[in-house]
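Raw contents of coords.txt, compact mmCIF, C-alpha atoms:
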```txt
# COMPACT_ATOMS: atom_id res chain seq x y z
CA MET A 21 97.56 99.30 123.44
CA GLY A 22 98.41 99.37 119.70
CA HIS A 23 99.78 102.21 117.54
CA HIS A 24 98.11 104.42 114.92
CA HIS A 25 94.51 103.71 115.89
CA ASP A 26 92.18 105.72 113.69
CA ALA A 27 88.82 104.30 114.72
CA ALA A 28 86.55 105.28 117.56
CA PRO A 29 84.54 102.91 119.77
CA GLY A 30 81.41 101.67 118.10
CA GLN A 31 82.67 102.49 114.62
CA GLY A 32 81.90 98.91 113.65
CA GLU A 33 83.43 96.45 111.27
CA GLY A 34 85.45 98.97 109.31
CA ALA A 35 87.69 99.80 112.26
CA ARG A 36 91.38 98.91 111.97
CA GLY A 37 94.02 98.94 114.65
CA TRP A 38 97.54 98.16 113.45
CA ALA A 39 100.94 99.78 113.28
CA ALA A 40 100.58 99.38 109.54
CA PRO A 41 97.06 100.62 108.71
CA GLY A 42 95.11 98.37 106.42
CA GLN A 43 96.88 95.20 107.46
CA ARG A 44 93.76 93.59 108.79
CA ALA A 45 90.04 94.23 109.30
CA TRP A 46 89.01 94.18 112.94
CA GLY A 47 85.55 92.69 112.58
CA ALA A 48 83.48 93.20 115.71
CA PHE A 49 86.29 94.68 117.80
CA ALA A 50 87.60 98.19 118.00
CA PRO A 51 91.39 98.52 118.38
CA GLY A 52 93.01 97.84 121.74
CA ALA A 53 93.32 101.58 122.51
CA HIS A 54 89.61 101.63 123.28
CA VAL A 55 89.54 98.61 125.61
CA VAL A 56 89.05 100.72 128.77
CA LEU A 57 86.05 102.56 127.33
CA GLU A 58 84.57 99.29 126.06
CA ALA A 59 85.10 97.56 129.41
CA ARG A 60 83.56 100.47 131.31
CA GLY A 61 80.48 100.28 129.10
CA VAL A 62 80.12 96.54 129.67
CA PHE A 63 80.38 96.94 133.44
CA GLU A 64 78.01 99.91 133.58
CA ARG A 65 75.38 98.06 131.57
CA PHE A 66 75.63 95.11 133.93
CA THR A 67 75.27 97.20 137.09
CA ALA A 68 72.37 99.16 135.64
CA GLU A 69 70.41 96.16 134.37
CA ALA A 70 71.20 93.51 136.98
CA GLU A 71 70.41 95.46 140.11
CA SER A 72 66.69 94.70 139.92
CA MET A 73 67.10 91.09 138.73
CA PRO A 74 66.50 87.98 140.86
CA THR A 75 69.68 86.31 142.10
CA GLU A 76 69.74 83.63 139.39
CA GLN A 77 69.41 86.18 136.59
CA GLN A 78 72.07 88.35 138.21
CA LEU A 79 74.50 85.42 138.17
CA VAL A 80 73.73 84.65 134.53
CA ALA A 81 74.19 88.32 133.63
CA MET A 82 77.47 88.43 135.54
CA ARG A 83 78.71 85.37 133.65
CA GLN A 84 77.81 87.13 130.40
CA MET A 85 79.70 90.24 131.53
CA ILE A 86 82.77 88.13 132.34
CA ASP A 87 82.64 86.58 128.87
CA GLN A 88 82.39 90.06 127.32
CA LEU A 89 85.36 91.33 129.31
CA GLU A 90 87.29 88.21 128.33
CA ALA A 91 86.52 88.95 124.69
CA LEU A 92 87.78 92.53 125.03
CA TRP A 93 90.95 91.31 126.73
CA LEU A 94 91.63 88.83 123.95
CA ALA A 95 91.06 91.44 121.24
CA ALA A 96 93.27 93.99 122.95
CA SER A 97 95.94 91.32 123.47
CA ALA A 98 95.95 90.51 119.75
CA ASP A 99 96.30 94.21 118.95
CA PHE A 100 99.09 94.54 121.52
CA SER A 101 100.95 91.67 119.88
CA GLU A 102 100.63 92.73 116.25
CA SER A 103 101.22 96.42 116.91
CA GLY A 104 104.81 95.55 117.76
CA GLU A 105 104.63 96.70 121.38
CA ILE A 106 104.98 93.15 122.66
CA ALA A 107 108.56 93.06 121.35
CA ASP A 108 109.51 95.63 123.99
CA THR A 109 108.55 93.17 126.72
CA GLY A 110 111.15 90.63 125.62
CA HIS A 111 108.60 87.91 124.89
CA PRO A 112 108.71 86.21 121.48
CA SER A 113 104.96 85.61 121.20
CA LEU A 114 101.62 86.54 122.63
CA ALA A 115 101.30 83.09 124.22
CA SER A 116 104.64 83.54 125.97
CA TRP A 117 103.59 86.97 127.23
CA MET A 118 100.25 85.62 128.50
CA ARG A 119 101.98 82.75 130.25
CA HIS A 120 104.57 84.79 132.11
CA ARG A 121 102.93 88.17 132.61
CA CYS A 122 99.34 86.96 133.19
CA ARG A 123 100.35 83.71 134.96
CA LEU A 124 98.45 81.39 132.64
CA ALA A 125 99.38 77.73 132.23
CA PRO A 126 101.29 77.07 128.98
CA ALA A 127 98.46 75.22 127.24
CA GLU A 128 95.94 77.84 128.41
CA ALA A 129 98.08 80.69 127.11
CA THR A 130 98.58 79.04 123.73
CA ALA A 131 94.85 78.36 123.36
CA ARG A 132 93.84 81.90 124.29
CA ALA A 133 96.38 83.45 121.94
CA LYS A 134 95.01 81.42 119.01
CA VAL A 135 91.47 82.48 119.86
CA ALA A 136 92.53 86.11 120.19
CA PHE A 137 93.90 86.21 116.64
CA ALA A 138 90.99 84.22 115.22
CA VAL A 139 88.08 86.26 116.60
CA THR A 140 89.67 89.62 115.81
CA GLY A 141 90.44 88.54 112.26
CA GLU A 142 88.59 86.33 109.85
CA GLN A 143 85.96 84.96 112.25
CA GLY A 144 83.54 87.88 112.31
CA HIS A 145 80.45 85.94 113.37
CA ALA A 146 82.21 84.33 116.33
CA GLY A 147 83.81 87.67 117.23
CA ARG A 148 80.48 89.46 117.38
CA ALA A 149 78.93 86.69 119.49
CA LEU A 150 81.92 86.74 121.83
CA LYS A 151 81.82 90.51 122.18
CA ALA A 152 78.10 90.37 122.97
CA GLY A 153 78.67 87.74 125.66
CA LYS A 154 76.57 85.16 123.82
CA VAL A 155 79.44 82.66 123.73
CA SER A 156 82.56 82.12 125.83
CA TRP A 157 86.15 82.07 124.64
CA ARG A 158 86.04 78.28 124.98
CA HIS A 159 83.20 78.21 122.44
CA ALA A 160 85.29 80.42 120.18
CA GLN A 161 88.21 78.01 120.59
CA VAL A 162 86.04 75.11 119.41
CA ILE A 163 84.78 77.15 116.46
CA ASP A 164 88.35 78.03 115.46
CA GLN A 165 89.43 74.37 115.65
CA VAL A 166 86.49 73.23 113.54
CA LEU A 167 86.86 75.93 110.88
CA ARG A 168 90.48 74.91 110.31
CA GLN A 169 89.14 71.56 109.08
CA VAL A 170 86.35 72.92 106.87
CA PRO A 171 86.91 73.75 103.16
CA GLU A 172 87.51 77.47 102.75
CA ASP A 173 84.40 78.02 100.63
CA ARG A 174 82.20 76.52 103.39
CA ARG A 175 83.70 78.28 106.41
CA ASP A 176 81.26 81.17 106.55
CA GLU A 177 78.33 78.75 106.48
CA ALA A 178 79.96 76.56 109.12
CA GLU A 179 80.80 79.51 111.37
CA ARG A 180 77.22 80.79 111.28
CA SER A 181 75.92 77.34 112.19
CA LEU A 182 78.37 76.88 115.04
CA VAL A 183 77.68 80.31 116.52
CA SER A 184 73.96 79.56 116.42
CA HIS A 185 74.46 76.24 118.23
CA ALA A 186 76.85 77.81 120.76
CA ALA A 187 74.01 79.86 122.19
CA THR A 188 72.49 76.73 123.77
CA LEU A 189 75.37 74.22 124.00
CA ASP A 190 78.44 73.92 126.20
CA PRO A 191 81.86 73.72 124.47
CA GLY A 192 81.98 69.92 124.61
CA GLN A 193 78.57 69.60 122.98
CA LEU A 194 79.54 72.20 120.40
CA ARG A 195 82.62 70.16 119.49
CA ARG A 196 80.36 67.22 118.62
CA VAL A 197 78.32 69.47 116.35
CA GLY A 198 81.56 70.63 114.78
CA ASP A 199 82.73 67.08 114.16
CA ARG A 200 79.47 66.36 112.38
CA LEU A 201 79.86 69.48 110.22
CA VAL A 202 83.40 68.49 109.24
CA HIS A 203 82.15 65.07 108.17
CA CYS A 204 79.26 66.56 106.20
CA PHE A 205 81.39 69.17 104.44
CA ASP A 206 84.42 67.00 103.67
CA ARG A 207 84.23 63.30 104.43
CA ASP A 208 87.76 62.61 103.20
CA ARG A 209 89.16 65.20 105.57
CA ALA A 210 87.07 63.75 108.41
CA ASP A 211 88.45 60.28 107.68
CA GLU A 212 91.99 61.65 107.69
CA GLN A 213 91.32 63.27 111.05
CA ALA A 214 89.98 59.97 112.40
CA VAL A 215 93.19 58.21 111.34
CA ARG A 216 95.33 60.88 113.01
CA ARG A 217 93.21 60.57 116.13
CA LEU A 218 93.62 56.80 116.16
CA GLU A 219 97.39 57.10 115.85
CA ARG A 220 97.48 59.24 119.00
CA ARG A 221 95.97 56.51 121.16
CA GLY A 222 98.06 55.09 123.96
CA LEU A 223 97.91 54.03 127.57
CA SER A 224 100.58 54.17 130.26
CA VAL A 225 100.24 52.33 133.55
CA ALA A 226 103.00 52.78 136.12
CA GLU A 227 103.57 52.39 139.86
CA THR A 228 104.03 55.66 141.72
CA TYR A 229 106.54 56.31 144.48
CA ASP A 230 103.86 55.99 147.17
CA GLY A 231 102.61 52.57 146.00
CA MET A 232 99.64 53.68 143.92
CA VAL A 233 99.26 52.94 140.20
CA SER A 234 99.02 55.85 137.78
CA VAL A 235 96.87 55.41 134.67
CA ASN A 236 97.20 57.97 131.91
CA GLY A 237 96.50 57.96 128.20
CA LEU A 238 94.26 58.63 125.24
CA LEU A 239 91.72 56.25 123.72
CA ASP A 240 90.21 56.38 120.28
CA PRO A 241 86.49 57.32 120.23
CA VAL A 242 85.24 53.72 120.00
CA SER A 243 87.43 52.35 122.80
CA GLY A 244 86.73 55.47 124.85
CA ALA A 245 82.98 55.04 124.43
CA LEU A 246 83.25 51.38 125.48
CA LEU A 247 85.19 52.34 128.60
CA LEU A 248 82.78 55.14 129.52
CA THR A 249 79.79 52.84 129.05
CA ALA A 250 81.34 50.13 131.22
CA LEU A 251 82.42 52.55 133.97
CA ASN A 252 79.06 54.33 133.97
CA THR A 253 77.22 51.01 134.30
CA LYS A 254 79.55 49.59 136.95
CA GLY A 255 79.99 52.79 138.89
CA ARG A 256 76.36 53.68 139.49
CA PRO A 257 75.69 54.36 143.19
CA SER A 258 72.74 51.94 143.12
CA SER A 259 72.62 48.67 141.19
CA THR A 260 68.82 48.89 141.01
CA ALA A 261 68.70 52.43 139.69
CA ASP A 262 66.89 51.18 136.59
CA HIS A 263 63.98 50.20 138.83
CA GLY A 264 63.68 53.60 140.42
CA ALA A 265 65.48 52.85 143.69
CA ALA A 266 67.15 55.77 145.45
CA ASP A 267 70.92 56.04 145.48
CA ARG A 268 72.62 54.65 148.57
CA SER A 269 73.06 57.41 151.12
CA ASP A 270 75.94 55.56 152.78
CA ASP A 271 78.13 55.51 149.69
CA LEU A 272 80.46 58.41 150.41
CA ARG A 273 82.75 57.75 147.47
CA THR A 274 83.32 60.52 144.97
CA PRO A 275 82.41 59.89 141.32
CA ALA A 276 86.13 59.53 140.56
CA GLN A 277 86.49 56.90 143.30
CA ARG A 278 83.47 55.00 141.99
CA ARG A 279 84.99 54.97 138.51
CA ALA A 280 88.31 53.69 139.89
CA ASP A 281 86.56 50.91 141.82
CA ALA A 282 84.45 50.05 138.77
CA LEU A 283 87.56 49.66 136.62
CA GLY A 284 89.03 47.25 139.19
CA ASP A 285 85.79 45.24 139.27
CA ILE A 286 85.70 45.01 135.46
CA CYS A 287 89.29 43.73 135.34
CA ALA A 288 88.66 41.18 138.11
CA GLU A 289 85.52 39.86 136.44
CA TRP A 290 87.25 39.55 133.07
CA LEU A 291 90.21 37.64 134.54
CA SER A 292 87.87 35.37 136.48
CA ALA A 293 85.12 34.64 133.99
CA VAL A 294 86.24 35.53 130.46
CA ASN A 295 89.97 35.21 130.08
CA ASN A 296 91.16 31.97 128.47
CA ALA A 297 94.78 32.93 127.83
CA THR A 298 97.66 31.23 129.62
CA VAL A 299 101.03 32.57 130.69
CA GLY A 300 103.60 30.03 131.83
CA GLY A 301 100.98 27.30 131.67
CA VAL A 302 98.42 28.99 133.95
CA ARG A 303 95.69 31.58 133.46
CA PRO A 304 96.86 35.06 134.48
CA HIS A 305 95.62 36.02 137.92
CA LEU A 306 96.33 38.41 140.74
CA SER A 307 99.29 37.06 142.68
CA VAL A 308 100.05 37.89 146.31
CA ILE A 309 102.95 36.43 148.28
CA VAL A 310 102.35 36.71 152.01
CA ASP A 311 103.83 35.21 155.18
CA ARG A 312 101.56 33.09 157.34
CA ALA A 313 102.18 35.43 160.28
CA THR A 314 101.18 38.42 158.17
CA LEU A 315 98.03 36.70 156.94
CA ALA A 316 97.05 35.74 160.50
CA SER A 317 97.79 39.15 162.06
CA GLN A 318 95.01 41.36 163.41
CA ARG A 319 94.63 45.11 163.27
CA GLY A 320 95.70 46.83 166.46
CA ASP A 321 97.65 43.91 167.96
CA GLY A 322 100.92 45.82 167.60
CA ALA A 323 102.71 42.85 166.02
CA ALA A 324 105.49 43.65 163.56
CA VAL A 325 104.87 41.65 160.39
CA GLU A 326 106.26 41.66 156.89
CA PRO A 327 104.14 43.32 154.20
CA ALA A 328 102.64 41.13 151.52
CA GLN A 329 104.01 41.35 147.98
CA LEU A 330 101.46 42.04 145.27
CA GLY A 331 102.41 41.18 141.70
CA TRP A 332 103.29 44.19 139.50
CA VAL A 333 103.14 46.78 142.29
CA GLY A 334 105.07 45.47 145.31
CA PRO A 335 104.34 45.76 149.06
CA VAL A 336 100.77 45.96 150.39
CA THR A 337 99.54 45.86 153.97
CA ALA A 338 98.34 42.76 155.80
CA SER A 339 94.79 44.14 155.73
CA GLU A 340 94.92 44.56 151.96
CA ALA A 341 96.30 41.02 151.56
CA GLN A 342 93.49 39.65 153.76
CA LEU A 343 90.96 41.54 151.63
CA ILE A 344 92.31 39.88 148.48
CA GLY A 345 92.40 36.47 150.18
CA CYS A 346 88.76 36.50 151.27
CA ASP A 347 87.52 34.84 148.09
CA ALA A 348 90.57 33.48 146.27
CA THR A 349 92.57 30.44 145.34
CA VAL A 350 95.22 29.86 148.02
CA SER A 351 98.44 27.96 147.37
CA ARG A 352 100.68 26.82 150.22
CA ILE A 353 104.42 27.21 149.59
CA VAL A 354 106.68 26.27 152.50
CA MET A 355 110.06 28.02 152.45
CA GLU A 356 113.30 27.22 154.24
CA GLY A 357 115.22 30.43 154.74
CA GLU A 358 114.56 33.19 152.23
CA SER A 359 114.66 31.31 148.96
CA GLN A 360 114.57 27.51 149.23
CA VAL A 361 111.18 25.96 148.49
CA ILE A 362 110.69 22.64 150.34
CA ASP A 363 106.94 22.01 149.91
CA ILE A 364 104.16 23.25 147.61
CA GLY A 365 100.60 22.61 148.74
CA ARG A 366 97.67 21.91 146.43
CA ALA A 367 95.64 24.96 145.41
CA THR A 368 92.24 25.05 147.11
CA ARG A 369 89.46 27.53 146.47
CA THR A 370 88.57 29.41 149.61
CA ILE A 371 84.92 29.86 148.61
CA PRO A 372 83.69 26.84 146.59
CA PRO A 373 81.05 27.60 143.92
CA ALA A 374 78.38 25.63 145.78
CA LEU A 375 78.97 27.64 148.96
CA ARG A 376 78.82 30.92 147.05
CA ARG A 377 75.47 29.92 145.57
CA ALA A 378 74.17 29.16 149.06
CA VAL A 379 75.38 32.50 150.42
CA VAL A 380 73.75 34.33 147.51
CA ALA A 381 70.47 32.46 148.04
CA ARG A 382 70.46 33.46 151.70
CA ASP A 383 71.72 37.08 151.60
CA ARG A 384 70.40 38.04 148.12
CA ASN A 385 72.59 41.21 148.00
CA CYS A 386 75.18 43.10 150.04
CA VAL A 387 74.06 43.00 153.67
CA ALA A 388 75.18 46.55 154.54
CA PRO A 389 72.19 48.71 155.56
CA GLY A 390 70.74 50.52 152.57
CA CYS A 391 73.02 48.74 150.10
CA ASP A 392 71.39 46.81 147.28
CA ARG A 393 74.37 45.78 145.18
CA LEU A 394 73.55 42.54 143.41
CA PRO A 395 75.53 39.30 143.99
CA GLU A 396 77.36 39.75 140.69
CA HIS A 397 79.06 42.78 142.23
CA CYS A 398 79.76 41.22 145.65
CA ASP A 399 82.45 39.16 147.39
CA VAL A 400 81.89 36.36 149.90
CA HIS A 401 83.52 37.44 153.17
CA HIS A 402 84.43 35.34 156.24
CA VAL A 403 82.73 36.78 159.34
CA THR A 404 85.58 35.37 161.42
CA PHE A 405 88.56 35.77 159.14
CA TRP A 406 89.80 32.57 157.57
CA GLU A 407 93.34 33.55 158.61
CA HIS A 408 92.14 33.72 162.23
CA GLY A 409 90.62 30.24 162.24
CA GLY A 410 87.23 31.03 160.77
CA GLU A 411 85.61 28.18 158.88
CA THR A 412 84.71 28.29 155.22
CA SER A 413 81.08 27.55 155.92
CA LEU A 414 77.66 29.01 155.30
CA ALA A 415 77.38 30.12 158.93
CA ASN A 416 80.69 32.02 158.79
CA THR A 417 80.26 33.80 155.45
CA VAL A 418 78.38 36.83 154.25
CA LEU A 419 77.82 38.72 150.99
CA LEU A 420 79.46 42.18 150.78
CA CYS A 421 79.93 44.52 147.84
CA ARG A 422 83.51 45.54 147.14
CA HIS A 423 83.03 48.96 148.76
CA HIS A 424 81.73 47.54 152.04
CA HIS A 425 84.20 44.67 151.90
CA ARG A 426 86.95 47.27 152.02
CA MET A 427 85.27 48.95 154.98
CA VAL A 428 85.60 45.70 156.95
CA HIS A 429 89.25 45.08 156.18
CA LEU A 430 90.55 48.63 156.07
CA ARG A 431 88.18 50.66 158.30
CA ASP A 432 87.32 48.14 161.06
CA TRP A 433 83.64 47.83 160.22
CA ARG A 434 82.23 44.51 161.45
CA VAL A 435 79.60 41.98 160.49
CA VAL A 436 76.95 41.38 163.15
CA VAL A 437 74.68 38.31 163.22
CA ASP A 438 71.46 38.70 165.23
CA THR A 439 69.45 35.95 166.94
CA THR A 440 67.48 35.24 163.76
CA GLY A 441 70.66 34.70 161.76
CA ARG A 442 70.25 37.97 159.86
CA ARG A 443 73.57 39.55 158.96
CA THR A 444 74.27 43.26 158.81
CA LEU A 445 77.24 45.61 158.82
CA GLN A 446 78.07 48.11 161.55
CA PRO A 447 80.70 50.86 161.74
CA PRO A 448 83.38 50.71 164.44
CA ASN A 449 82.32 51.83 167.92
```
Please rewrite the model in this file as structure tokens.
Amino acid sequence: MGHHHDAAPGQGEGARGWAAPGQRAWGAFAPGAHVVLEARGVFERFTAEAESMPTEQQLVAMRQMIDQLEALWLAASADFSESGEIADTGHPSLASWMRHRCRLAPAEATARAKVAFAVTGEQGHAGRALKAGKVSWRHAQVIDQVLRQVPEDRRDEAERSLVSHAATLDPGQLRRVGDRLVHCFDRDRADEQAVRRLERRGLSVAETYDGMVSVNGLLDPVSGALLLTALNTKGRPSSTADHGAADRSDDLRTPAQRRADALGDICAEWLSAVNNATVGGVRPHLSVIVDRATLASQRGDGAAVEPAQLGWVGPVTASEAQLIGCDATVSRIVMEGESQVIDIGRATRTIPPALRRAVVARDRNCVAPGCDRLPEHCDVHHVTFWEHGGETSLANTVLLCRHHHRMVHLRDWRVVVDTTGRRTLQPPN
């Protein structure tokens, strides 16, 4: 790797490994020229010690070996860069070389290069822990980021503390410990960091080419904690988890899908029950423009119908429009041609409050087998669709959570009423 190496493996903290001797102390790492010998020793120790271990211990030992080899690679890479050899490759920096020659993503390459220089230089405690496999390079990255924010005269103390915590914490948990240390060591600096963090906040919401909506952004810690708390509460597989009930086995959604559905539920509930603002004289609401023929169409009938138009995002299918219309305010607007309005009907609520209370009193929760979502998280659904002539009556309505409501409209599940009047949900035949 590097030039003019005058230290042997195991020589310890006095070893140096630069083109210009004396430029920098190597801490825990021998120069890059010895990386093969070091790596062979790490692998041989693993194979000798792990052979008789139970499977779990073998896997833990293997993970430790990988971390040790990663540490050696980072140290040798730093030596390769500062020895001057990297200039012969045509790359301007170690991060650039890592990205193109080792096929790392740009952000990954930049992060690893920073860690490589940090743990082979001034961060001796982190370097020794990394070399021993006690911490991963991600832990070392967190330590490096934290130490940059700690007063110079407190860095050794902070590094020792962070290395000690890294033995039992994952990198995310270690970052929280680091944030606390920064605040304890220098509150003014911590406050400045908080202001910079707040200024980075932002949220972008945009329609994608395939009709979805992309949400991307950064939230400040307080807003982020509020969102995580709300999503965690809303997105739990079982609404009665606090009472020890088992999670619903029929909920096949991924955690990410549950969070997405929870965010939609939170927005719908806020618009319906909390929002008092007005835009153009009316409270903001979800707006769907749909032809009568589209609203009355049935899945599988082969009829060609126009898609509905959903405010902000554009075309949605007839089934999606019918899902929205199950429990909504419906306004009749009669058009002549494509643009001339000749009659506007009076808005009428599809499910009156009194009827909803009666449905809740009868069904108590979502009627799908094994589902115990409470009424607050459910829609009132027409057994025979309202668009197909079904009455808005107690006999023709049922309580379904949003997940199972979608199954009816988009996956052809159906509500079945037995001879006792009990309602349940069945998958398609």
Go ahead and find all residues with at least one atom no further than 8 Å from (95.1, 35.6, 159.0) in the file's coordinates, using only C-alpha atoms; report them as a list in words. Arg312, Ala313, Thr314, Leu315, Ala316, Ser317, Gln318, Gln342, Phe405, Trp406, Glu407, His408 and Gly409 of chain A
Restricted to C-alpha atoms, what would the selected residues look like written as an mmCIF file, in the frame of the given file?
```cif
data_model
loop_
_atom_site.group_PDB
_atom_site.id
_atom_site.type_symbol
_atom_site.label_atom_id
_atom_site.label_comp_id
_atom_site.auth_asym_id
_atom_site.auth_seq_id
_atom_site.Cartn_x
_atom_site.Cartn_y
_atom_site.Cartn_z
ATOM 1 C CA ARG A 312 101.560 33.090 157.340
ATOM 2 C CA ALA A 313 102.180 35.430 160.280
ATOM 3 C CA THR A 314 101.180 38.420 158.170
ATOM 4 C CA LEU A 315 98.030 36.700 156.940
ATOM 5 C CA ALA A 316 97.050 35.740 160.500
ATOM 6 C CA SER A 317 97.790 39.150 162.060
ATOM 7 C CA GLN A 318 95.010 41.360 163.410
ATOM 8 C CA GLN A 342 93.490 39.650 153.760
ATOM 9 C CA PHE A 405 88.560 35.770 159.140
ATOM 10 C CA TRP A 406 89.800 32.570 157.570
ATOM 11 C CA GLU A 407 93.340 33.550 158.610
ATOM 12 C CA HIS A 408 92.140 33.720 162.230
ATOM 13 C CA GLY A 409 90.620 30.240 162.240
#
```
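You will find CA of Val170 in chain A at 13.4 Å from CA of Arg195 in chain A.
Atom to atom, CA of Leu283 in chain A and CA of Val333 in chain A stand 16.8 Å apart.
Remark: for Arg132 in chain A, the closest of the candidate residues A:Thr440, A:Gln277, A:Ser97, A:Thr412 is A:Ser97 (distances computed over all atoms listed in the file).
Of the residues under consideration (A:Arg200, A:Arg121, A:Arg83, A:His423), A:Arg200 shows the shortest atom-to-atom contact distance to Val166 in chain A when counting all atoms listed in the file.
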Considering all atoms listed in the file, can you say which of A:Leu246, A:Ala214, A:Leu94, A:Ala81 comes closest to Glu69 in chain A?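 Selected residue with least distance to Glu69 in chain A: A:Ala81.
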Rounded to one decimal, what separation in Å do you get between CA of Trp290 in chain A and CA of Tyr229 in chain A? 28.0 Å
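Among the candidate residues A:Gln88, A:Ala280, A:Gly147, A:Ala338, the one lying nearest to Val235 in chain A is A:Ala280, with distances computed using all atoms listed in the file.
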Measuring between only C-alpha atoms, which one of A:Ser101, A:Ser156, A:Gln165, A:Thr249 shows the shortest distance to Trp117 in chain A?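 Closest to Trp117 in chain A of all the choices is A:Ser101.
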Selection as a PyMOL selection string: residues within 9 Å of (80.3, 47.4, 135.8), counting only C-alpha atoms: chain A and resi 249-256+282-283+285-286+397
Store the residues of this selection in a file with C-alpha atoms, as a PDB file, in the coordinates of the input.
```pdb
ATOM      1  CA  THR A 249      79.790  52.840 129.050  1.00  0.00           C
ATOM      2  CA  ALA A 250      81.340  50.130 131.220  1.00  0.00           C
ATOM      3  CA  LEU A 251      82.420  52.550 133.970  1.00  0.00           C
ATOM      4  CA  ASN A 252      79.060  54.330 133.970  1.00  0.00           C
ATOM      5  CA  THR A 253      77.220  51.010 134.300  1.00  0.00           C
ATOM      6  CA  LYS A 254      79.550  49.590 136.950  1.00  0.00           C
ATOM      7  CA  GLY A 255      79.990  52.790 138.890  1.00  0.00           C
ATOM      8  CA  ARG A 256      76.360  53.680 139.490  1.00  0.00           C
ATOM      9  CA  ALA A 282      84.450  50.050 138.770  1.00  0.00           C
ATOM     10  CA  LEU A 283      87.560  49.660 136.620  1.00  0.00           C
ATOM     11  CA  ASP A 285      85.790  45.240 139.270  1.00  0.00           C
ATOM     12  CA  ILE A 286      85.700  45.010 135.460  1.00  0.00           C
ATOM     13  CA  HIS A 397      79.060  42.780 142.230  1.00  0.00           C
TER      14      HIS A 397
END
```
Which of these residues is nearest to Val56 in chain A, using all atoms listed in the file: A:Val135, A:Met73, A:Leu89, A:Val437?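 Of all the options, A:Leu89 lies closest to Val56 in chain A.
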For Asp240 in chain A, please output as a PyMOL selection string all residues within 10 Å (counting all atoms listed in the file; exclusion window: fewer than 2 positions along the same chain). chain A and resi 214-222+238+242-245
